[in-house]
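Q: Next comes work.txt, compact mmCIF, C-alpha atoms:
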```txt
# COMPACT_ATOMS: atom_id res chain seq x y z
CA MET L 534 -32.93 29.56 20.82
CA ALA L 535 -30.28 27.51 19.11
CA VAL L 536 -30.72 23.95 17.98
CA ARG L 537 -27.85 21.53 18.26
CA VAL L 538 -26.55 19.72 15.20
CA LEU L 539 -24.42 16.61 15.68
CA LEU L 540 -21.86 15.66 13.04
CA PRO L 541 -20.42 12.22 12.24
CA GLY L 542 -16.68 11.69 12.37
CA LEU L 543 -15.58 12.70 8.90
CA LEU L 544 -17.66 15.85 8.92
CA ALA L 545 -16.39 16.71 12.39
CA THR L 546 -12.81 16.37 11.13
CA GLN L 547 -13.60 18.69 8.26
CA ALA L 548 -15.17 21.13 10.71
CA GLY L 549 -11.92 21.45 12.58
CA GLY L 550 -12.58 18.63 15.01
CA LYS L 551 -15.87 19.97 16.32
CA ASP L 552 -18.64 17.38 16.38
CA SER L 553 -21.58 19.59 17.36
CA PHE L 554 -22.76 23.07 16.48
CA ASP L 555 -25.42 25.24 18.04
CA VAL L 556 -27.15 27.26 15.36
CA ASP L 557 -30.12 29.60 15.20
CA ALA L 558 -32.47 28.28 12.55
CA ALA L 559 -36.17 28.15 11.84
CA THR L 560 -36.01 24.96 9.75
CA ILE L 561 -33.77 21.93 9.40
CA GLY L 562 -32.60 23.23 6.04
CA GLU L 563 -31.52 26.52 7.60
CA ALA L 564 -29.70 24.69 10.34
CA LEU L 565 -27.78 22.49 7.94
CA ARG L 566 -26.89 25.33 5.61
CA ALA L 567 -25.45 27.26 8.54
CA LEU L 568 -22.81 24.60 9.12
CA PRO L 569 -19.22 25.17 8.00
CA ILE L 570 -19.34 21.84 6.15
CA ALA L 571 -22.60 22.59 4.33
CA ASP L 572 -20.92 22.04 0.97
CA LEU L 573 -20.25 18.42 1.93
CA ILE L 574 -23.88 17.62 2.65
CA PHE L 575 -25.45 19.70 -0.14
CA ASP L 576 -24.39 19.44 -3.77
CA GLU L 577 -23.70 22.40 -6.04
CA GLY L 578 -27.39 22.62 -6.89
CA GLY L 579 -28.32 23.01 -3.24
CA GLU L 580 -29.81 19.54 -2.97
CA LEU L 581 -29.08 17.33 0.00
CA ARG L 582 -26.70 14.58 -1.13
CA GLY L 583 -28.45 11.27 -1.64
CA LEU L 584 -26.67 9.30 1.06
CA VAL L 585 -26.98 11.92 3.79
CA ASN L 586 -29.68 11.10 6.30
CA VAL L 587 -30.93 13.64 8.81
CA TYR L 588 -32.72 12.89 12.05
CA VAL L 589 -34.41 15.38 14.33
CA ASP L 590 -34.92 14.21 17.87
CA ARG L 591 -34.22 10.68 16.59
CA SER L 592 -36.90 10.82 13.92
CA ASP L 593 -36.07 10.71 10.21
CA MET L 594 -36.80 14.19 8.89
CA ARG L 595 -38.48 12.60 5.87
CA ILE L 596 -41.43 11.55 8.01
CA ARG L 597 -41.82 15.20 8.96
CA ASP L 598 -41.39 17.93 6.38
CA GLY L 599 -37.83 17.18 5.30
CA LEU L 600 -35.61 20.22 5.08
CA GLU L 601 -38.67 22.42 5.59
CA THR L 602 -39.37 20.90 8.99
CA ALA L 603 -39.97 23.78 11.39
CA LEU L 604 -37.86 24.02 14.52
CA ASP L 605 -38.80 25.56 17.84
CA GLY L 606 -35.25 25.79 19.12
CA GLN L 607 -35.25 22.77 21.39
CA GLU L 608 -34.37 20.07 18.90
CA GLU L 609 -31.28 18.00 18.37
CA ILE L 610 -30.43 17.28 14.75
CA GLN L 611 -28.22 14.36 13.84
CA ILE L 612 -26.51 13.87 10.47
CA VAL L 613 -25.99 10.21 9.63
CA ALA L 614 -24.25 8.76 6.61
CA ALA L 615 -26.40 6.12 4.96
CA ILE L 616 -25.21 2.55 5.22
CA ALA L 617 -23.69 1.89 1.81
CA GLY L 618 -20.42 1.09 0.16
CA GLY L 619 -17.62 -1.04 1.60
CA MET X 1017 16.95 15.68 -0.28
CA THR X 1018 14.55 13.21 1.29
CA PRO X 1019 12.26 11.76 -1.36
CA MET X 1020 8.56 11.36 -0.70
CA ILE X 1021 6.08 9.00 -2.30
CA LEU X 1022 2.45 10.07 -2.22
CA ALA X 1023 0.30 6.95 -2.42
CA GLY X 1024 -3.37 7.78 -2.80
CA THR X 1025 -5.57 4.90 -1.71
CA ARG X 1026 -9.21 4.01 -1.23
CA LYS X 1027 -8.65 4.66 2.47
CA GLY X 1028 -6.75 7.91 2.58
CA LEU X 1029 -3.31 9.15 1.64
CA PHE X 1030 -0.09 7.44 2.67
CA LEU X 1031 3.23 9.29 2.58
CA LEU X 1032 6.43 7.30 2.31
CA ARG X 1033 9.83 8.62 3.34
CA GLY X 1034 12.83 7.42 1.36
CA ASP X 1035 16.58 7.51 1.73
CA ALA X 1036 18.82 9.36 -0.71
CA ASP X 1037 19.39 6.16 -2.71
CA ARG X 1038 15.61 5.65 -3.07
CA ARG X 1039 16.03 2.06 -1.88
CA SER X 1040 14.78 2.13 1.68
CA TRP X 1041 11.39 3.61 2.57
CA THR X 1042 9.20 3.95 5.61
CA VAL X 1043 5.44 4.43 5.63
CA ASP X 1044 3.83 7.18 7.69
CA GLU X 1045 0.41 6.82 9.26
CA PRO X 1046 -2.37 7.61 6.79
CA THR X 1047 -3.85 11.04 6.47
CA LEU X 1048 -7.12 12.20 4.92
CA GLU X 1049 -8.80 9.11 6.29
CA GLY X 1050 -12.30 8.62 4.98
CA TRP X 1051 -11.38 9.99 1.57
CA GLU X 1052 -10.61 8.04 -1.57
CA ILE X 1053 -7.54 9.76 -2.96
CA TYR X 1054 -7.76 9.50 -6.71
CA HIS X 1055 -4.58 11.56 -7.12
CA ALA X 1056 -2.18 13.40 -4.86
CA MET X 1057 0.87 15.40 -5.81
CA GLN X 1058 3.35 17.92 -4.53
CA ASP X 1059 3.44 21.32 -6.17
CA PRO X 1060 7.13 21.79 -7.01
CA ARG X 1061 6.74 25.57 -6.83
CA ASP X 1062 6.13 25.76 -3.08
CA GLY X 1063 6.09 22.20 -1.75
CA SER X 1064 2.36 22.17 -0.99
CA LEU X 1065 0.55 18.86 -1.24
CA TYR X 1066 -2.73 18.59 -3.11
CA ALA X 1067 -5.09 15.61 -3.05
CA ALA X 1068 -8.15 14.94 -5.18
CA GLY X 1069 -10.40 13.37 -2.58
CA ASN X 1070 -13.74 11.67 -3.02
CA ASN X 1071 -16.21 10.33 -0.51
CA PHE X 1072 -19.21 8.25 -1.50
CA VAL X 1073 -21.47 10.21 0.83
CA TYR X 1074 -19.99 13.70 0.89
CA GLY X 1075 -18.86 14.16 -2.68
CA ALA X 1076 -15.73 15.37 -4.43
CA THR X 1077 -13.17 17.96 -3.40
CA VAL X 1078 -9.51 18.93 -3.29
CA HIS X 1079 -7.42 19.09 -0.14
CA ARG X 1080 -4.26 21.17 0.32
CA SER X 1081 -1.52 20.86 2.92
CA THR X 1082 1.41 23.19 3.50
CA ASP X 1083 2.96 21.10 6.29
CA ASN X 1084 3.75 17.72 4.72
CA GLY X 1085 0.24 16.41 5.29
CA LYS X 1086 -0.10 17.17 9.00
CA THR X 1087 -3.06 19.49 8.42
CA TRP X 1088 -5.25 20.09 5.41
CA THR X 1089 -7.61 22.70 4.07
CA ARG X 1090 -10.43 21.78 1.72
CA SER X 1091 -11.64 23.51 -1.40
CA GLU X 1092 -15.15 24.43 -0.34
CA GLY X 1093 -18.04 24.64 -2.70
CA LEU X 1094 -16.37 22.91 -5.62
CA GLY X 1095 -19.00 22.20 -8.22
CA LEU X 1096 -20.41 22.81 -11.66
CA PRO X 1097 -22.65 25.76 -12.50
CA GLU X 1098 -26.04 25.47 -10.83
CA GLU X 1099 -27.91 26.29 -14.02
CA GLY X 1100 -26.41 23.36 -15.91
CA GLU X 1101 -27.57 19.78 -16.09
CA LEU X 1102 -24.25 18.24 -15.07
CA LYS X 1103 -23.10 17.76 -11.50
CA LEU X 1104 -19.61 17.15 -10.24
CA GLU X 1105 -19.05 13.43 -9.74
CA LYS X 1106 -15.39 12.87 -8.85
CA THR X 1107 -12.13 14.77 -8.72
CA TRP X 1108 -9.42 12.93 -10.61
CA HIS X 1109 -6.18 14.82 -11.14
CA VAL X 1110 -4.52 17.99 -9.87
CA GLU X 1111 -1.81 19.56 -12.00
CA PRO X 1112 0.37 22.51 -10.98
CA GLY X 1113 0.45 25.56 -13.20
CA ARG X 1114 3.59 27.02 -14.69
CA ASP X 1115 6.40 28.48 -12.64
CA SER X 1116 5.35 31.95 -13.72
CA GLU X 1117 1.72 31.37 -12.62
CA SER X 1118 1.74 31.64 -8.87
CA GLY X 1119 -1.34 30.05 -7.32
CA ARG X 1120 -2.62 28.50 -10.54
CA LEU X 1121 -3.48 24.82 -10.74
CA TRP X 1122 -5.68 22.71 -12.94
CA LEU X 1123 -8.11 20.06 -11.81
CA GLY X 1124 -9.49 17.25 -13.94
CA ALA X 1125 -12.79 15.79 -12.83
CA ALA X 1126 -15.81 13.78 -13.87
CA PRO X 1127 -18.01 14.14 -15.85
CA GLY X 1128 -15.33 15.17 -18.36
CA VAL X 1129 -14.65 18.61 -16.91
CA LEU X 1130 -11.66 20.80 -16.14
CA PHE X 1131 -11.30 23.46 -13.44
CA ARG X 1132 -8.72 26.19 -12.91
CA THR X 1133 -7.72 27.97 -9.73
CA ASP X 1134 -5.56 31.04 -9.33
CA ASP X 1135 -5.55 31.01 -5.53
CA CYS X 1136 -4.09 27.61 -4.63
CA GLY X 1137 -7.48 25.94 -4.62
CA GLU X 1138 -9.48 28.30 -2.44
CA SER X 1139 -11.82 28.70 -5.40
CA TRP X 1140 -12.07 26.90 -8.71
CA ASP X 1141 -13.60 28.03 -11.98
CA VAL X 1142 -14.86 25.51 -14.47
CA VAL X 1143 -13.26 25.75 -17.91
CA GLU X 1144 -16.15 26.54 -20.21
CA GLY X 1145 -14.34 25.39 -23.33
CA VAL X 1146 -14.32 21.83 -22.02
CA LEU X 1147 -17.70 21.91 -20.27
CA ASN X 1148 -19.44 23.15 -23.41
CA HIS X 1149 -17.26 21.42 -25.97
CA PRO X 1150 -19.19 20.96 -29.24
CA THR X 1151 -18.36 17.26 -29.36
CA ARG X 1152 -19.48 16.48 -25.80
CA GLU X 1153 -22.52 14.54 -26.95
CA GLN X 1154 -20.13 12.06 -28.58
CA TRP X 1155 -18.28 11.41 -25.32
CA ASN X 1156 -19.03 8.38 -23.18
CA PRO X 1157 -17.93 7.35 -19.72
CA GLY X 1158 -15.51 4.50 -19.20
CA ALA X 1159 -15.75 2.10 -16.28
CA GLY X 1160 -14.38 4.77 -13.95
CA GLY X 1161 -16.76 7.45 -15.11
CA MET X 1162 -16.08 10.15 -17.69
CA CYS X 1163 -12.88 11.35 -16.11
CA THR X 1164 -10.50 14.11 -17.07
CA HIS X 1165 -7.36 12.38 -15.84
CA SER X 1166 -4.45 13.79 -17.81
CA ILE X 1167 -3.40 17.44 -17.85
CA GLN X 1168 -0.11 18.39 -19.45
CA LEU X 1169 1.34 21.88 -19.90
CA ASP X 1170 3.74 22.33 -22.80
CA PRO X 1171 6.97 24.02 -21.66
CA ALA X 1172 7.66 25.04 -25.26
CA ASP X 1173 4.63 27.33 -25.42
CA ASP X 1174 2.94 29.03 -22.48
CA ASP X 1175 -0.43 28.84 -24.24
CA ARG X 1176 -0.34 25.16 -25.20
CA MET X 1177 -1.69 22.39 -23.04
CA TYR X 1178 -3.27 18.97 -23.38
CA ILE X 1179 -5.94 17.01 -21.56
CA GLY X 1180 -7.05 13.38 -21.75
CA ILE X 1181 -10.64 12.36 -21.04
CA SER X 1182 -11.93 8.82 -20.97
CA ALA X 1183 -13.73 8.18 -23.24
CA ALA X 1184 -13.55 11.37 -25.20
CA GLY X 1185 -9.91 11.39 -26.23
CA VAL X 1186 -7.04 13.84 -26.20
CA PHE X 1187 -7.65 17.56 -26.65
CA ARG X 1188 -5.15 20.36 -27.22
CA SER X 1189 -5.47 24.01 -26.40
CA GLU X 1190 -3.33 26.69 -28.03
CA ASP X 1191 -4.80 29.57 -26.07
CA GLY X 1192 -4.16 28.73 -22.46
CA GLY X 1193 -7.20 26.53 -22.01
CA GLU X 1194 -9.91 28.68 -23.54
CA THR X 1195 -10.62 26.48 -26.56
CA TRP X 1196 -9.85 22.84 -27.24
CA ALA X 1197 -9.36 20.83 -30.42
CA PRO X 1198 -9.46 17.03 -30.62
CA ALA X 1199 -6.02 15.46 -31.10
CA ASN X 1200 -6.81 11.83 -31.77
CA LYS X 1201 -5.73 11.18 -35.35
CA GLY X 1202 -4.35 7.66 -35.58
CA THR X 1203 -5.62 6.50 -32.20
CA SER X 1204 -8.10 3.69 -32.42
CA ALA X 1205 -11.47 3.12 -30.84
CA ASP X 1206 -11.65 -0.62 -31.50
CA PHE X 1207 -14.77 -0.78 -29.36
CA MET X 1208 -16.54 1.20 -32.10
CA PRO X 1209 -16.14 -1.16 -35.08
CA ASP X 1210 -18.48 0.98 -37.16
CA ASP X 1211 -16.06 3.92 -36.87
CA PRO X 1212 -12.78 2.84 -35.27
CA TYR X 1213 -10.98 6.14 -35.96
CA PRO X 1214 -13.44 8.84 -34.92
CA GLU X 1215 -12.59 12.47 -34.28
CA VAL X 1216 -13.43 11.99 -30.60
CA GLY X 1217 -14.55 9.14 -28.37
CA GLN X 1218 -11.24 7.35 -27.92
CA CYS X 1219 -10.61 5.82 -24.55
CA VAL X 1220 -7.32 7.39 -23.57
CA HIS X 1221 -6.05 5.99 -20.28
CA LYS X 1222 -3.06 8.27 -19.67
CA VAL X 1223 -1.22 10.97 -21.63
CA LEU X 1224 2.22 12.32 -20.77
CA LEU X 1225 4.29 15.01 -22.47
CA HIS X 1226 8.05 14.74 -22.61
CA PRO X 1227 9.41 18.20 -21.84
CA GLY X 1228 12.80 17.41 -23.37
CA LYS X 1229 11.61 16.95 -26.94
CA ASP X 1230 9.33 19.51 -28.49
CA GLY X 1231 6.08 17.98 -29.66
CA ARG X 1232 6.53 14.55 -28.08
CA LEU X 1233 3.61 12.92 -26.31
CA TRP X 1234 3.10 9.38 -25.06
CA GLN X 1235 -0.22 7.69 -24.52
CA GLN X 1236 -1.50 4.45 -23.05
CA ASN X 1237 -4.93 3.95 -24.49
CA HIS X 1238 -7.62 1.33 -24.00
CA CYS X 1239 -6.66 0.38 -27.55
CA GLY X 1240 -2.89 0.57 -27.76
CA VAL X 1241 0.24 2.43 -26.78
CA TYR X 1242 1.02 5.49 -28.87
CA ARG X 1243 3.64 8.17 -29.44
CA SER X 1244 3.19 11.53 -31.11
CA ASP X 1245 6.01 13.76 -32.32
CA ASP X 1246 3.83 16.54 -33.68
CA ARG X 1247 1.94 17.79 -30.62
CA GLY X 1248 -0.84 15.26 -31.04
CA ASP X 1249 -1.58 16.05 -34.69
CA SER X 1250 -0.97 12.36 -35.34
CA TRP X 1251 -0.19 9.27 -33.29
CA GLU X 1252 1.84 6.14 -34.07
CA ARG X 1253 0.65 2.85 -32.59
CA LEU X 1254 3.54 0.97 -30.97
CA GLU X 1255 2.68 -2.70 -30.88
CA ASP X 1256 3.71 -6.07 -32.31
CA ASN X 1257 7.18 -5.12 -31.16
CA GLY X 1258 7.57 -6.80 -27.80
CA LEU X 1259 4.48 -5.65 -25.99
CA PRO X 1260 2.27 -8.63 -25.03
CA SER X 1261 -0.93 -6.61 -24.97
CA SER X 1262 -2.30 -3.35 -26.24
CA PHE X 1263 -4.29 -2.85 -23.05
CA GLY X 1264 -3.09 -1.19 -19.88
CA PHE X 1265 -3.58 1.95 -17.84
CA PRO X 1266 -0.42 3.77 -16.68
CA ILE X 1267 2.63 5.00 -18.52
CA ALA X 1268 5.80 6.51 -17.07
CA LEU X 1269 8.64 8.45 -18.69
CA ASP X 1270 12.32 9.05 -18.10
CA TYR X 1271 12.47 12.83 -18.13
CA SER X 1272 16.15 12.79 -19.14
CA ARG X 1273 15.54 10.52 -22.14
CA PRO X 1274 12.61 11.26 -24.46
CA ASP X 1275 12.76 7.81 -26.09
CA VAL X 1276 12.23 5.91 -22.83
CA ALA X 1277 8.79 4.91 -21.60
CA LEU X 1278 7.46 2.18 -19.32
CA VAL X 1279 4.04 0.53 -19.31
CA VAL X 1280 2.28 -2.25 -17.40
CA PRO X 1281 0.22 -4.27 -19.88
CA GLU X 1282 -2.91 -6.08 -18.80
CA ASP X 1283 -4.65 -9.09 -20.34
CA THR X 1284 -3.52 -10.31 -23.77
CA VAL X 1285 -5.08 -8.10 -26.38
CA ARG X 1286 -3.99 -7.67 -29.98
CA HIS X 1287 -5.41 -5.16 -32.38
CA PRO X 1288 -8.25 -5.11 -33.41
CA GLU X 1289 -9.42 -7.03 -30.34
CA VAL X 1290 -10.98 -4.95 -27.60
CA GLY X 1291 -9.28 -5.28 -24.25
CA GLY X 1292 -10.39 -4.83 -20.72
CA GLY X 1293 -12.10 -8.14 -20.15
CA ASN X 1294 -10.21 -9.14 -17.02
CA ARG X 1295 -7.88 -6.23 -16.25
CA VAL X 1296 -4.99 -7.97 -14.56
CA THR X 1297 -1.33 -7.98 -15.50
CA THR X 1298 -0.47 -10.03 -18.55
CA GLY X 1299 0.70 -13.63 -18.27
CA GLY X 1300 0.00 -14.15 -14.59
CA ARG X 1301 2.98 -12.05 -13.55
CA LEU X 1302 3.72 -8.46 -12.69
CA GLY X 1303 5.42 -7.25 -15.84
CA VAL X 1304 6.76 -3.80 -16.62
CA TYR X 1305 7.78 -3.22 -20.22
CA ARG X 1306 10.30 -0.57 -21.18
CA THR X 1307 11.22 0.96 -24.48
CA GLU X 1308 14.44 2.86 -25.02
CA ASP X 1309 13.94 3.57 -28.71
CA GLY X 1310 10.74 5.55 -28.82
CA GLY X 1311 8.48 2.50 -28.78
CA GLN X 1312 10.02 0.61 -31.68
CA SER X 1313 10.82 -2.26 -29.29
CA TRP X 1314 9.88 -3.15 -25.73
CA ASP X 1315 11.65 -5.29 -23.15
CA LEU X 1316 10.33 -6.93 -20.02
CA VAL X 1317 12.08 -5.40 -16.99
CA VAL X 1318 11.13 -7.48 -13.98
CA ASN X 1319 14.21 -7.85 -11.80
CA GLY X 1320 12.70 -7.88 -8.33
CA LEU X 1321 9.05 -8.12 -9.37
CA PRO X 1322 6.95 -11.16 -8.42
CA GLU X 1323 6.90 -13.87 -11.07
CA GLN X 1324 3.41 -15.00 -10.15
CA ALA X 1325 0.92 -12.20 -9.73
CA TRP X 1326 -2.44 -11.05 -10.98
CA VAL X 1327 -2.57 -7.39 -10.08
CA GLU X 1328 -3.81 -4.05 -11.34
CA VAL X 1329 -1.95 -0.77 -11.67
CA LEU X 1330 -4.36 2.08 -12.29
CA ARG X 1331 -3.94 5.05 -14.60
CA GLU X 1332 -2.59 7.32 -11.84
CA GLY X 1333 -0.68 4.49 -10.22
CA MET X 1334 2.75 5.05 -11.81
CA ALA X 1335 5.18 7.94 -11.71
CA SER X 1336 8.78 8.88 -12.27
CA ASP X 1337 11.08 11.42 -10.68
CA ARG X 1338 13.41 13.88 -12.38
CA GLU X 1339 16.63 12.21 -11.27
CA ASP X 1340 19.21 10.59 -13.54
CA PRO X 1341 18.94 7.64 -13.53
CA ALA X 1342 15.21 8.08 -13.22
CA GLY X 1343 13.36 6.57 -10.31
CA ILE X 1344 10.19 4.78 -11.34
CA TYR X 1345 7.39 4.22 -8.85
CA PHE X 1346 4.14 2.31 -9.01
CA GLY X 1347 1.45 1.01 -6.70
CA THR X 1348 -0.96 -1.86 -7.10
CA LYS X 1349 -4.59 -2.23 -6.27
CA SER X 1350 -3.49 -4.98 -3.90
CA GLY X 1351 -1.58 -2.44 -1.84
CA SER X 1352 2.08 -2.79 -2.75
CA VAL X 1353 4.44 0.01 -3.74
CA PHE X 1354 7.39 -0.82 -5.99
CA VAL X 1355 10.35 1.46 -6.67
CA SER X 1356 13.08 1.21 -9.24
CA PRO X 1357 15.98 3.57 -8.55
CA ASN X 1358 17.38 2.90 -12.02
CA THR X 1359 14.61 3.22 -14.61
CA GLY X 1360 13.41 -0.35 -14.25
CA ASP X 1361 16.70 -2.26 -14.11
CA GLU X 1362 15.74 -3.50 -10.66
CA TRP X 1363 12.65 -3.20 -8.50
CA ILE X 1364 12.18 -3.06 -4.74
CA GLU X 1365 8.85 -3.62 -2.99
CA VAL X 1366 9.01 -0.78 -0.48
CA ALA X 1367 5.53 -1.15 1.04
CA ARG X 1368 2.83 -3.80 1.09
CA HIS X 1369 -0.57 -4.37 2.66
CA LEU X 1370 -1.71 -0.82 2.04
CA PRO X 1371 -5.31 -0.28 0.94
CA ALA X 1372 -5.99 -0.37 -2.78
CA ILE X 1373 -3.61 2.14 -4.35
CA LEU X 1374 -5.26 4.56 -6.76
CA SER X 1375 -2.37 6.94 -7.42
CA VAL X 1376 1.36 7.33 -6.98
CA GLU X 1377 3.42 10.49 -7.25
CA VAL X 1378 6.84 11.47 -6.00
CA GLY X 1379 8.05 14.61 -4.25
CA GLU X 1380 10.40 15.79 -1.56
CA TRP X 1381 9.97 16.20 2.19
CA GLN X 1382 10.11 19.89 2.98
```
Here is a file; write its structure as structure tokens.
A:
Amino acid sequence: MAVRVLLPGLLATQAGGKDSFDVDAATIGEALRALPIADLIFDEGGELRGLVNVYVDRSDMRIRDGLETALDGQEEIQIVAAIAGG
Amino acid sequence: MTPMILAGTRKGLFLLRGDADRRSWTVDEPTLEGWEIYHAMQDPRDGSLYAAGNNFVYGATVHRSTDNGKTWTRSEGLGLPEEGELKLEKTWHVEPGRDSESGRLWLGAAPGVLFRTDDCGESWDVVEGVLNHPTREQWNPGAGGMCTHSIQLDPADDDRMYIGISAAGVFRSEDGGETWAPANKGTSADFMPDDPYPEVGQCVHKVLLHPGKDGRLWQQNHCGVYRSDDRGDSWERLEDNGLPSSFGFPIALDYSRPDVALVVPEDTVRHPEVGGGNRVTTGGRLGVYRTEDGGQSWDLVVNGLPEQAWVEVLREGMASDREDPAGIYFGTKSGSVFVSPNTGDEWIEVARHLPAILSVEVGEWQ
């Protein structure tokens, strides 16, 4: 069953105006890497960019298992840009 | 012909539409919102627009538009080799390839790297000769990062090109970009008093080649304004001749007249002082200085510019067109765009209250 991934505005623009994607994935990392804008949230080394926060069912993925957090197909994943800059 | 100004800002790209006289301009709504546009230009070969865009969360990329900025495609997966220690920090400058090289462009980026594409930016390959340059350990980042900001192709030789990296210096390739030799003889690194004329490490701010005179290069450096007439083998420092300061960022040329150049000095710095302390235009005014004799003398050309101003014009913030008389264009960090339709004889503020302007280029509406 597909999980839903919600994108913030800039990523949605870069994804052709689509702000959510349903993807089949066993982990959060798999879900994020399946997105058409994966290169904007992961750097060239495959690491999640430092100011990209990811929530699963409104919980910070870091309090679970991060990108390795297992999914059962019911979750909603939200990508949130960290509050920084000006 | 309807001229276009591409003003890259901290808050997206603004396109300006001019009349044939280059005196009256209108500003379109911004595009590429959310991206800091370090440089944007029009490829004269096919009219495409390219923008080096950076976002503090989502990284560095290049955008391309084939419809005057209405829609854009992004270079996906731009980055440095995974096995290396360096990671891509910012994209800084996009330069079209030669007329005979369909699809080829060059991209300067931080940390001191150069990319090449042969498919209009769908994919980019890092240039190993710059990435693994034997002097890289002697390079240091300037305030803006270690940026490859100047890329110049020599029309006299299809294999010769130049790049400028701050603070690494100028490098020349004679083999189409495979290998690179330092070209900094005579340019000073006053911030290194123990070795002020090193082989590399100079803080070049902008390098331009004049295509009308074989071997001629111009350079605004952290430490002086320079001209070379021997393809960068040596540089002549052009100060104590009307320029109020050796410090500044941009330089613009008149492409019909190799002896003409324009600069925007900042602060009041005289060799061997080290500039950059305050980084605003010299003397509390917005002053453009022009030479018409190869840098032997400089005159203040300010007809139409504000007499009281403390502003910044960044390294990519000034450009010139290929008309005669040349149009000169620059943007300020305080959001104004100025145009001179006659090589600096008079200036018109054609836009104001834009976000901080990072780059200015000129093209044509297609």
Q: Would you kindly return, as a list in words, each protein, DNA or RNA residue with an atom no farther than 9 Å from any atom of X:Ile1167, considering all atoms listed in the file and excluding same-chain residues fewer than 3 positions away?
A: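 Near neighbours after the sequence-gap exclusion: His1109, Val1110, Glu1111, Trp1122, Leu1123, Gly1124, Thr1164, Met1177, Tyr1178, Ile1179, Gly1180, Val1223 and Leu1224 of chain X.
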Q: Keeping C-alpha atoms for every residue in the selection just given, could you write it to a file as a PDB file, in the coordinates of the input?
A:
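Resulting contents of out22.pdb:
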```pdb
ATOM      1  CA  HIS X1109      -6.180  14.820 -11.140  1.00  0.00           C
ATOM      2  CA  VAL X1110      -4.520  17.990  -9.870  1.00  0.00           C
ATOM      3  CA  GLU X1111      -1.810  19.560 -12.000  1.00  0.00           C
ATOM      4  CA  TRP X1122      -5.680  22.710 -12.940  1.00  0.00           C
ATOM      5  CA  LEU X1123      -8.110  20.060 -11.810  1.00  0.00           C
ATOM      6  CA  GLY X1124      -9.490  17.250 -13.940  1.00  0.00           C
ATOM      7  CA  THR X1164     -10.500  14.110 -17.070  1.00  0.00           C
ATOM      8  CA  MET X1177      -1.690  22.390 -23.040  1.00  0.00           C
ATOM      9  CA  TYR X1178      -3.270  18.970 -23.380  1.00  0.00           C
ATOM     10  CA  ILE X1179      -5.940  17.010 -21.560  1.00  0.00           C
ATOM     11  CA  GLY X1180      -7.050  13.380 -21.750  1.00  0.00           C
ATOM     12  CA  VAL X1223      -1.220  10.970 -21.630  1.00  0.00           C
ATOM     13  CA  LEU X1224       2.220  12.320 -20.770  1.00  0.00           C
TER      14      LEU X1224
END
```
Q: Compile the contact shell of X:Leu1233 as a PyMOL selection string: residues with an atom at most 12 Å away, counting all atoms listed in the file, same-chain residues fewer than 3 positions apart removed.
A: chain X and resi 1166-1170+1177-1180+1186+1188+1199-1200+1222-1230+1236+1241-1252+1267-1269+1274-1277+1310-1311
Q: One decimal, in Å: what's the spacing between atom CA of X:Ser1040 and atom CA of X:Tyr1345?
A: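 We find that atom CA of X:Ser1040 and atom CA of X:Tyr1345 lie 13.0 Å from each other.
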Q: To one decimal place in Å, what is the distance between atom CA of L:Ala548 and atom CA of X:Glu1377?
A: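 The value is 28.0 Å.
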Q: Using all atoms listed in the file, which protein or nucleic acid residues come within 12 Å of L:Gly606? Drop anything in the same chain fewer than 4 positions from it, and give the result as a list in words.
A: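 So the residues in contact are Met534, Ala535, Val536, Arg537, Val538, Asp555, Val556, Asp557, Ala558, Ala559, Thr560, Ile561, Ala564, Val589, Asp590, Thr602 and Ile610 of chain L.
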Q: Give as an MDAnalysis selection string every residue of chain X that touches chain L within 12 Å, counting only C-alpha atoms.
A: chainID X and resid 1026:1028 1047:1052 1069:1079 1087:1105
Q: Would you write out those residues with C-alpha atoms, as a short mmCIF file (atom, residue, chain, number, x, y, z; two decimals), in the frame of the given file?
A:
```
data_model
loop_
_atom_site.label_atom_id
_atom_site.label_comp_id
_atom_site.auth_asym_id
_atom_site.auth_seq_id
_atom_site.Cartn_x
_atom_site.Cartn_y
_atom_site.Cartn_z
CA ARG X 1026 -9.21 4.01 -1.23
CA LYS X 1027 -8.65 4.66 2.47
CA GLY X 1028 -6.75 7.91 2.58
CA THR X 1047 -3.85 11.04 6.47
CA LEU X 1048 -7.12 12.20 4.92
CA GLU X 1049 -8.80 9.11 6.29
CA GLY X 1050 -12.30 8.62 4.98
CA TRP X 1051 -11.38 9.99 1.57
CA GLU X 1052 -10.61 8.04 -1.57
CA GLY X 1069 -10.40 13.37 -2.58
CA ASN X 1070 -13.74 11.67 -3.02
CA ASN X 1071 -16.21 10.33 -0.51
CA PHE X 1072 -19.21 8.25 -1.50
CA VAL X 1073 -21.47 10.21 0.83
CA TYR X 1074 -19.99 13.70 0.89
CA GLY X 1075 -18.86 14.16 -2.68
CA ALA X 1076 -15.73 15.37 -4.43
CA THR X 1077 -13.17 17.96 -3.40
CA VAL X 1078 -9.51 18.93 -3.29
CA HIS X 1079 -7.42 19.09 -0.14
CA THR X 1087 -3.06 19.49 8.42
CA TRP X 1088 -5.25 20.09 5.41
CA THR X 1089 -7.61 22.70 4.07
CA ARG X 1090 -10.43 21.78 1.72
CA SER X 1091 -11.64 23.51 -1.40
CA GLU X 1092 -15.15 24.43 -0.34
CA GLY X 1093 -18.04 24.64 -2.70
CA LEU X 1094 -16.37 22.91 -5.62
CA GLY X 1095 -19.00 22.20 -8.22
CA LEU X 1096 -20.41 22.81 -11.66
CA PRO X 1097 -22.65 25.76 -12.50
CA GLU X 1098 -26.04 25.47 -10.83
CA GLU X 1099 -27.91 26.29 -14.02
CA GLY X 1100 -26.41 23.36 -15.91
CA GLU X 1101 -27.57 19.78 -16.09
CA LEU X 1102 -24.25 18.24 -15.07
CA LYS X 1103 -23.10 17.76 -11.50
CA LEU X 1104 -19.61 17.15 -10.24
CA GLU X 1105 -19.05 13.43 -9.74
#
```
